[in-house]
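*Asks:* Just so it is clear, I am handing over final16.cif, which has mmCIF, N, CA and C atoms and all ligand atoms.
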```
data_final
loop_
_atom_site.label_atom_id
_atom_site.label_comp_id
_atom_site.auth_asym_id
_atom_site.auth_seq_id
_atom_site.Cartn_x
_atom_site.Cartn_y
_atom_site.Cartn_z
N MET Z 1204 125.65 94.97 42.01
CA MET Z 1204 127.00 94.76 42.58
C MET Z 1204 126.97 93.64 43.62
N MET Z 1205 126.02 93.73 44.54
CA MET Z 1205 125.90 92.69 45.56
C MET Z 1205 125.68 91.32 44.92
N LEU Z 1206 124.89 91.34 43.85
CA LEU Z 1206 124.57 90.09 43.17
C LEU Z 1206 125.83 89.48 42.56
N VAL Z 1207 126.64 90.32 41.93
CA VAL Z 1207 127.89 89.84 41.31
C VAL Z 1207 128.81 89.25 42.37
N VAL Z 1208 128.96 89.96 43.46
CA VAL Z 1208 129.82 89.49 44.54
C VAL Z 1208 129.27 88.17 45.09
N GLY Z 1209 127.97 88.14 45.25
CA GLY Z 1209 127.32 86.94 45.77
C GLY Z 1209 127.53 85.75 44.85
N LEU Z 1210 127.38 85.98 43.58
CA LEU Z 1210 127.56 84.90 42.60
C LEU Z 1210 129.00 84.40 42.59
N LEU Z 1211 129.92 85.35 42.65
CA LEU Z 1211 131.34 85.02 42.64
C LEU Z 1211 131.67 84.17 43.86
N PHE Z 1212 131.18 84.58 44.99
CA PHE Z 1212 131.42 83.87 46.23
C PHE Z 1212 130.85 82.46 46.16
N PHE Z 1213 129.65 82.38 45.62
CA PHE Z 1213 128.98 81.09 45.51
C PHE Z 1213 129.76 80.14 44.61
N SER Z 1214 130.20 80.64 43.44
CA SER Z 1214 130.93 79.77 42.53
C SER Z 1214 132.28 79.38 43.10
N MET Z 1215 132.89 80.29 43.84
CA MET Z 1215 134.18 79.95 44.44
C MET Z 1215 134.04 78.85 45.50
N THR Z 1216 133.04 78.98 46.32
CA THR Z 1216 132.87 77.96 47.36
C THR Z 1216 132.54 76.61 46.74
N SER Z 1217 131.77 76.63 45.65
CA SER Z 1217 131.43 75.34 45.05
C SER Z 1217 132.65 74.70 44.40
N ILE Z 1218 133.57 75.53 43.89
CA ILE Z 1218 134.81 74.98 43.33
C ILE Z 1218 135.65 74.37 44.45
N PHE Z 1219 135.82 75.13 45.51
CA PHE Z 1219 136.63 74.63 46.62
C PHE Z 1219 136.06 73.38 47.27
N ALA Z 1220 134.74 73.30 47.28
CA ALA Z 1220 134.09 72.15 47.90
C ALA Z 1220 134.47 70.85 47.19
N ASN Z 1221 134.83 70.95 45.91
CA ASN Z 1221 135.17 69.74 45.17
C ASN Z 1221 136.64 69.37 45.25
N VAL Z 1222 137.46 70.28 45.73
CA VAL Z 1222 138.89 70.04 45.68
C VAL Z 1222 139.34 68.91 46.60
N ALA Z 1223 139.04 69.04 47.86
CA ALA Z 1223 139.54 68.01 48.77
C ALA Z 1223 138.41 67.42 49.60
N LYS Z 1224 138.37 66.12 49.59
CA LYS Z 1224 137.35 65.41 50.33
C LYS Z 1224 138.08 64.47 51.29
N THR Z 1225 137.61 64.38 52.50
CA THR Z 1225 138.26 63.48 53.45
C THR Z 1225 137.26 62.40 53.85
N GLU Z 1226 137.70 61.16 53.73
CA GLU Z 1226 136.81 60.07 54.10
C GLU Z 1226 137.56 58.99 54.85
N LYS Z 1227 136.80 58.18 55.56
CA LYS Z 1227 137.41 57.08 56.29
C LYS Z 1227 137.03 55.78 55.61
N ILE Z 1228 138.02 54.93 55.40
CA ILE Z 1228 137.79 53.65 54.74
C ILE Z 1228 138.33 52.56 55.65
N LYS Z 1229 137.57 51.50 55.79
CA LYS Z 1229 138.05 50.37 56.58
C LYS Z 1229 139.04 49.55 55.75
N VAL Z 1230 140.24 49.36 56.31
CA VAL Z 1230 141.25 48.56 55.62
C VAL Z 1230 141.80 47.54 56.62
N TYR Z 1231 141.76 46.28 56.25
CA TYR Z 1231 142.23 45.22 57.15
C TYR Z 1231 143.74 45.07 57.08
N GLY Z 1232 144.36 44.98 58.27
CA GLY Z 1232 145.80 44.85 58.35
C GLY Z 1232 146.20 44.65 59.80
N ASN Z 1233 147.51 44.55 60.07
CA ASN Z 1233 148.01 44.26 61.41
C ASN Z 1233 148.93 45.31 62.02
N CYS Z 1234 150.05 45.49 61.36
CA CYS Z 1234 151.18 46.14 62.04
C CYS Z 1234 151.70 47.38 61.32
N GLY Z 1235 152.84 47.84 61.80
CA GLY Z 1235 153.47 49.03 61.23
C GLY Z 1235 153.86 48.85 59.77
N MET Z 1236 154.24 47.62 59.42
CA MET Z 1236 154.58 47.35 58.02
C MET Z 1236 153.33 47.48 57.14
N CYS Z 1237 152.22 47.02 57.69
CA CYS Z 1237 150.95 47.14 56.95
C CYS Z 1237 150.64 48.61 56.74
N LYS Z 1238 150.84 49.38 57.79
CA LYS Z 1238 150.55 50.82 57.74
C LYS Z 1238 151.31 51.47 56.60
N THR Z 1239 152.62 51.19 56.53
CA THR Z 1239 153.44 51.77 55.48
C THR Z 1239 152.93 51.35 54.11
N ARG Z 1240 152.62 50.06 53.98
CA ARG Z 1240 152.17 49.52 52.70
C ARG Z 1240 150.83 50.12 52.27
N ILE Z 1241 149.92 50.19 53.22
CA ILE Z 1241 148.58 50.71 52.92
C ILE Z 1241 148.65 52.19 52.53
N GLU Z 1242 149.40 52.96 53.32
CA GLU Z 1242 149.47 54.40 53.05
C GLU Z 1242 150.17 54.67 51.73
N LYS Z 1243 151.20 53.87 51.44
CA LYS Z 1243 151.92 54.04 50.19
C LYS Z 1243 151.00 53.74 49.00
N ALA Z 1244 150.23 52.67 49.12
CA ALA Z 1244 149.31 52.30 48.04
C ALA Z 1244 148.25 53.38 47.83
N ALA Z 1245 147.73 53.91 48.93
CA ALA Z 1245 146.69 54.94 48.83
C ALA Z 1245 147.25 56.20 48.19
N LYS Z 1246 148.46 56.57 48.60
CA LYS Z 1246 149.07 57.79 48.07
C LYS Z 1246 149.52 57.65 46.63
N SER Z 1247 149.66 56.40 46.16
CA SER Z 1247 150.07 56.21 44.77
C SER Z 1247 148.92 56.50 43.81
N VAL Z 1248 147.71 56.59 44.35
CA VAL Z 1248 146.56 56.89 43.50
C VAL Z 1248 146.55 58.39 43.19
N GLN Z 1249 146.42 58.71 41.92
CA GLN Z 1249 146.43 60.10 41.51
C GLN Z 1249 145.24 60.85 42.13
N GLY Z 1250 145.52 61.98 42.77
CA GLY Z 1250 144.45 62.76 43.38
C GLY Z 1250 144.43 62.64 44.90
N VAL Z 1251 145.14 61.64 45.42
CA VAL Z 1251 145.20 61.45 46.88
C VAL Z 1251 146.31 62.32 47.45
N THR Z 1252 145.97 63.14 48.43
CA THR Z 1252 146.99 64.02 49.00
C THR Z 1252 147.43 63.57 50.39
N LYS Z 1253 146.53 62.89 51.09
CA LYS Z 1253 146.87 62.47 52.45
C LYS Z 1253 146.27 61.10 52.72
N ALA Z 1254 147.03 60.25 53.42
CA ALA Z 1254 146.49 58.95 53.79
C ALA Z 1254 147.14 58.51 55.09
N THR Z 1255 146.32 58.26 56.10
CA THR Z 1255 146.82 57.82 57.40
C THR Z 1255 145.99 56.64 57.87
N TRP Z 1256 146.70 55.54 58.11
CA TRP Z 1256 146.00 54.33 58.57
C TRP Z 1256 146.25 54.11 60.05
N ASP Z 1257 145.21 53.76 60.76
CA ASP Z 1257 145.29 53.52 62.19
C ASP Z 1257 145.16 52.02 62.44
N SER Z 1258 146.21 51.41 63.02
CA SER Z 1258 146.19 49.96 63.22
C SER Z 1258 145.26 49.55 64.37
N GLU Z 1259 144.79 50.51 65.16
CA GLU Z 1259 143.87 50.19 66.26
C GLU Z 1259 142.45 49.96 65.76
N ASP Z 1260 141.93 50.93 65.02
CA ASP Z 1260 140.55 50.78 64.55
C ASP Z 1260 140.44 50.39 63.07
N LEU Z 1261 141.62 50.15 62.45
CA LEU Z 1261 141.68 49.72 61.04
C LEU Z 1261 141.05 50.72 60.07
N MET Z 1262 141.07 51.99 60.43
CA MET Z 1262 140.48 52.98 59.55
C MET Z 1262 141.56 53.79 58.85
N LEU Z 1263 141.39 53.91 57.55
CA LEU Z 1263 142.29 54.75 56.76
C LEU Z 1263 141.58 56.08 56.53
N THR Z 1264 142.23 57.15 56.97
CA THR Z 1264 141.67 58.47 56.72
C THR Z 1264 142.37 59.01 55.48
N VAL Z 1265 141.59 59.26 54.46
CA VAL Z 1265 142.18 59.63 53.20
C VAL Z 1265 141.61 60.95 52.69
N THR Z 1266 142.50 61.82 52.22
CA THR Z 1266 142.07 63.10 51.66
C THR Z 1266 142.40 63.06 50.17
N TYR Z 1267 141.39 63.33 49.36
CA TYR Z 1267 141.61 63.23 47.91
C TYR Z 1267 140.76 64.23 47.15
N ASP Z 1268 141.15 64.45 45.91
CA ASP Z 1268 140.43 65.33 45.00
C ASP Z 1268 139.37 64.47 44.31
N ASP Z 1269 138.12 64.75 44.60
CA ASP Z 1269 137.09 63.86 44.06
C ASP Z 1269 136.78 64.07 42.58
N THR Z 1270 137.48 65.01 41.95
CA THR Z 1270 137.35 65.12 40.49
C THR Z 1270 138.37 64.20 39.82
N LYS Z 1271 139.34 63.72 40.60
CA LYS Z 1271 140.41 62.89 40.04
C LYS Z 1271 140.29 61.42 40.40
N THR Z 1272 139.69 61.13 41.55
CA THR Z 1272 139.62 59.73 41.95
C THR Z 1272 138.39 59.46 42.82
N THR Z 1273 138.18 58.21 43.15
CA THR Z 1273 137.05 57.82 43.99
C THR Z 1273 137.58 56.91 45.09
N THR Z 1274 136.79 56.72 46.13
CA THR Z 1274 137.24 55.83 47.19
C THR Z 1274 137.37 54.40 46.67
N LEU Z 1275 136.55 54.04 45.70
CA LEU Z 1275 136.64 52.67 45.16
C LEU Z 1275 137.98 52.45 44.47
N LYS Z 1276 138.44 53.46 43.73
CA LYS Z 1276 139.75 53.35 43.07
C LYS Z 1276 140.84 53.20 44.12
N ILE Z 1277 140.73 53.96 45.18
CA ILE Z 1277 141.73 53.89 46.26
C ILE Z 1277 141.68 52.50 46.91
N GLU Z 1278 140.47 52.00 47.15
CA GLU Z 1278 140.34 50.67 47.75
C GLU Z 1278 140.92 49.58 46.86
N LYS Z 1279 140.73 49.73 45.56
CA LYS Z 1279 141.28 48.74 44.62
C LYS Z 1279 142.81 48.76 44.63
N ALA Z 1280 143.39 49.96 44.74
CA ALA Z 1280 144.84 50.07 44.78
C ALA Z 1280 145.38 49.40 46.05
N ILE Z 1281 144.64 49.53 47.14
CA ILE Z 1281 145.05 48.93 48.41
C ILE Z 1281 144.91 47.40 48.35
N ALA Z 1282 143.83 46.93 47.74
CA ALA Z 1282 143.62 45.49 47.60
C ALA Z 1282 144.72 44.87 46.75
N LYS Z 1283 145.22 45.63 45.80
CA LYS Z 1283 146.28 45.14 44.91
C LYS Z 1283 147.57 44.83 45.67
N VAL Z 1284 147.82 45.54 46.78
CA VAL Z 1284 149.03 45.26 47.55
C VAL Z 1284 148.77 44.26 48.68
N GLY Z 1285 147.55 43.72 48.76
CA GLY Z 1285 147.29 42.63 49.70
C GLY Z 1285 146.32 42.91 50.83
N HIS Z 1286 145.77 44.13 50.88
CA HIS Z 1286 144.89 44.44 52.00
C HIS Z 1286 143.43 44.56 51.57
N ASP Z 1287 142.58 43.79 52.26
CA ASP Z 1287 141.15 43.83 51.97
C ASP Z 1287 140.53 45.13 52.49
N THR Z 1288 139.52 45.58 51.78
CA THR Z 1288 138.67 46.65 52.29
C THR Z 1288 137.26 46.09 52.17
N ASP Z 1289 136.26 46.85 52.59
CA ASP Z 1289 134.91 46.33 52.49
C ASP Z 1289 134.42 46.25 51.05
N ASN Z 1290 135.03 47.01 50.16
CA ASN Z 1290 134.58 47.02 48.77
C ASN Z 1290 135.55 46.42 47.77
N ALA Z 1291 136.76 46.10 48.22
CA ALA Z 1291 137.74 45.50 47.32
C ALA Z 1291 138.53 44.45 48.08
N LYS Z 1292 138.63 43.26 47.49
CA LYS Z 1292 139.34 42.17 48.17
C LYS Z 1292 140.65 41.85 47.45
N ALA Z 1293 141.67 41.60 48.26
CA ALA Z 1293 142.96 41.18 47.70
C ALA Z 1293 142.82 39.75 47.18
N THR Z 1294 143.61 39.38 46.19
CA THR Z 1294 143.58 38.00 45.74
C THR Z 1294 144.30 37.14 46.78
N ASP Z 1295 143.99 35.84 46.81
CA ASP Z 1295 144.65 34.95 47.77
C ASP Z 1295 146.16 34.95 47.54
N LYS Z 1296 146.54 35.03 46.28
CA LYS Z 1296 147.96 35.03 45.93
C LYS Z 1296 148.68 36.23 46.54
N THR Z 1297 148.10 37.39 46.40
CA THR Z 1297 148.72 38.60 46.96
C THR Z 1297 148.74 38.53 48.48
N TYR Z 1298 147.64 38.06 49.06
CA TYR Z 1298 147.56 37.95 50.51
C TYR Z 1298 148.62 36.99 51.03
N ASN Z 1299 148.75 35.82 50.39
CA ASN Z 1299 149.72 34.82 50.84
C ASN Z 1299 151.17 35.28 50.70
N ALA Z 1300 151.40 36.25 49.83
CA ALA Z 1300 152.75 36.77 49.61
C ALA Z 1300 153.14 37.80 50.67
N LEU Z 1301 152.21 38.21 51.51
CA LEU Z 1301 152.52 39.18 52.57
C LEU Z 1301 153.41 38.52 53.62
N PRO Z 1302 154.28 39.31 54.27
CA PRO Z 1302 155.07 38.74 55.37
C PRO Z 1302 154.13 38.17 56.44
N GLY Z 1303 154.58 37.14 57.16
CA GLY Z 1303 153.74 36.46 58.15
C GLY Z 1303 153.03 37.38 59.12
N CYS Z 1304 153.74 38.40 59.63
CA CYS Z 1304 153.14 39.29 60.63
C CYS Z 1304 152.03 40.13 60.04
N CYS Z 1305 152.01 40.20 58.73
CA CYS Z 1305 151.02 41.05 58.06
C CYS Z 1305 149.78 40.27 57.64
N GLN Z 1306 149.80 38.93 57.85
CA GLN Z 1306 148.65 38.16 57.41
C GLN Z 1306 147.53 38.28 58.44
N TYR Z 1307 146.85 39.36 58.31
CA TYR Z 1307 145.72 39.73 59.18
C TYR Z 1307 144.57 38.74 59.01
N ASP Z 1308 143.68 38.74 59.97
CA ASP Z 1308 142.47 37.93 59.85
C ASP Z 1308 141.58 38.55 58.79
N ARG Z 1309 141.30 37.77 57.77
CA ARG Z 1309 140.50 38.33 56.68
C ARG Z 1309 139.03 38.39 57.06
N PRO Z 1310 138.36 39.44 56.60
CA PRO Z 1310 136.92 39.50 56.86
C PRO Z 1310 136.25 38.35 56.09
N ALA Z 1311 135.17 37.85 56.60
CA ALA Z 1311 134.46 36.74 55.93
C ALA Z 1311 134.08 37.15 54.52
N LYS Z 1312 134.31 36.23 53.60
CA LYS Z 1312 133.98 36.54 52.20
C LYS Z 1312 132.47 36.53 52.00
N LYS Z 1313 132.03 37.53 51.25
CA LYS Z 1313 130.59 37.63 51.02
C LYS Z 1313 130.23 36.83 49.78
CU CU Z 1401 151.92 44.07 58.74
#
```
If you convert what's in this file into structure tokens, what do you get?

*Replies:*
Amino acid sequence: MMLVVGLLFFSMTSIFANVAKTEKIKVYGNCGMCKTRIEKAAKSVQGVTKATWDSEDLMLTVTYDDTKTTTLKIEKAIAKVGHDTDNAKATDKTYNALPGCCQYDRPAKK
């Protein structure tokens, strides 16, 4: 009986452990408009439940289901709307199309 309960508990915790993962991703941007754009892009990714970007330290705190998406997918979605991350870069065209106040200093290209 103890073994069954133990096994059940173990399998339940391992399921829950996969449901929501919270990570911080560096996203380059400037202002409140950037914040809205970045958070909207992150939340448009399937599996993302929460996304909050801080314009002070440029960190996006994102909560997602890691069976549905990865941080790289989220970073690519953000790069698509014009914001660089350490693993995904926006195209020059997308970057240049951003409003002037949003044209943040880009990290040096590797
Ligand atoms: Cu902006």

*Asks:* I need the residues of chain Z that end up classed as strand (DSSP E) by DSSP on the backbone, written out as a PyMOL selection string.

*Replies:* chain Z and resi 1224-1229+1251-1257+1262-1267

*Asks:* One decimal, Å: what's the distance from atom N of Leu1275 (chain Z) over to CA of Ala1311 (chain Z), could you say?

*Replies:* 20.2 Å

*Asks:* All residues within 6.5 Å of ligand CU 1401 (chain Z) are required, counting only N, CA and C atoms and all ligand atoms; please report them as number ranges by chain.

*Replies:* Z: 1232-1238, 1304-1306

*Asks:* CA of Thr1297 (chain Z) to CA of Gly1285 (chain Z): how many Å, to one decimal?

*Replies:* 5.1 Å

*Asks:* Please report the interatomic distance between CA of Met1262 (chain Z) and CA of Lys1296 (chain Z) in Å with one decimal.

*Replies:*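 CA of Met1262 (chain Z) sits 23.7 Å away from CA of Lys1296 (chain Z).
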
*Asks:* Using backbone DSSP assignments, extract all helix (DSSP H, G or I) residues from chain Z; output them as a ChimeraX atom specification.

*Replies:* /Z:1205-1222,1235-1246,1274-1283,1295-1299,1303-1305

*Asks:* Hey, could you make a per-residue contact list for region 1236-1257 of chain Z against region 1263-1266 of chain Z with 6.5 Å as the cut-off, showing the nearest pair of atoms and its distance in Å to one decimal, counting only N, CA and C atoms, sorted by chain and number, as CSV?

*Replies:*
```
residue,atom,partner,partner_atom,distance
Z:Gly1250,C,Z:Thr1266,C,5.7
Z:Val1251,CA,Z:Thr1266,C,4.6
Z:Thr1252,N,Z:Thr1266,C,4.0
Z:Lys1253,C,Z:Thr1266,N,3.9
Z:Ala1254,CA,Z:Val1265,CA,4.4
Z:Thr1255,C,Z:Thr1264,N,3.9
Z:Trp1256,CA,Z:Leu1263,CA,4.1
Z:Asp1257,N,Z:Leu1263,N,5.0
```

*Asks:* Please save N, CA and C atoms of the selected residues as a CSV table (one decimal), in the frame of the given file.

*Replies:*
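Output saved as selection_30.csv:
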```
chain,number,residue,atom,x,y,z
Z,1250,GLY,N,145.5,62.0,42.8
Z,1250,GLY,CA,144.4,62.8,43.4
Z,1250,GLY,C,144.4,62.6,44.9
Z,1251,VAL,N,145.1,61.6,45.4
Z,1251,VAL,CA,145.2,61.4,46.9
Z,1251,VAL,C,146.3,62.3,47.4
Z,1252,THR,N,146.0,63.1,48.4
Z,1252,THR,CA,147.0,64.0,49.0
Z,1252,THR,C,147.4,63.6,50.4
Z,1253,LYS,N,146.5,62.9,51.1
Z,1253,LYS,CA,146.9,62.5,52.4
Z,1253,LYS,C,146.3,61.1,52.7
Z,1254,ALA,N,147.0,60.2,53.4
Z,1254,ALA,CA,146.5,59.0,53.8
Z,1254,ALA,C,147.1,58.5,55.1
Z,1255,THR,N,146.3,58.3,56.1
Z,1255,THR,CA,146.8,57.8,57.4
Z,1255,THR,C,146.0,56.6,57.9
Z,1256,TRP,N,146.7,55.5,58.1
Z,1256,TRP,CA,146.0,54.3,58.6
Z,1256,TRP,C,146.2,54.1,60.0
Z,1257,ASP,N,145.2,53.8,60.8
Z,1257,ASP,CA,145.3,53.5,62.2
Z,1257,ASP,C,145.2,52.0,62.4
```

*Asks:* Of the residues Z:Gln1249, Z:Gly1303, Z:Lys1243, Z:Tyr1298, which is the one nearest to Thr1273 (chain Z), using all atoms listed in the file?

*Replies:*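 Closest to Thr1273 (chain Z) of all the choices is Z:Gln1249.
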
*Asks:* Applying 10 Å and only C-alpha atoms, which residues near Lys1283 (chain Z) remain after dropping the ones on its own chain fewer than 6 positions away? List them as a PyMOL selection string.

*Replies:* chain Z and resi 1244+1277+1291-1294+1297-1298

*Asks:* So that I can check the surroundings of Pro1310 (chain Z), please list as a PyMOL selection string every protein, DNA and RNA residue that reaches within 8 Å of it, counting all atoms listed in the file and ignoring chain neighbours fewer than 6 positions away.

*Replies:* chain Z and resi 1231+1287-1288

*Asks:* Go through Z:Tyr1267, Z:Ile1281, Z:Ala1223, Z:Thr1274 one by one, measure the shortest atom-to-atom distance of each to Glu1242 (chain Z) using only N, CA and C atoms, and give the residue with the smallest value.

*Replies:*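 Residue with the minimum atom-to-atom distance to Glu1242 (chain Z): Z:Ile1281.
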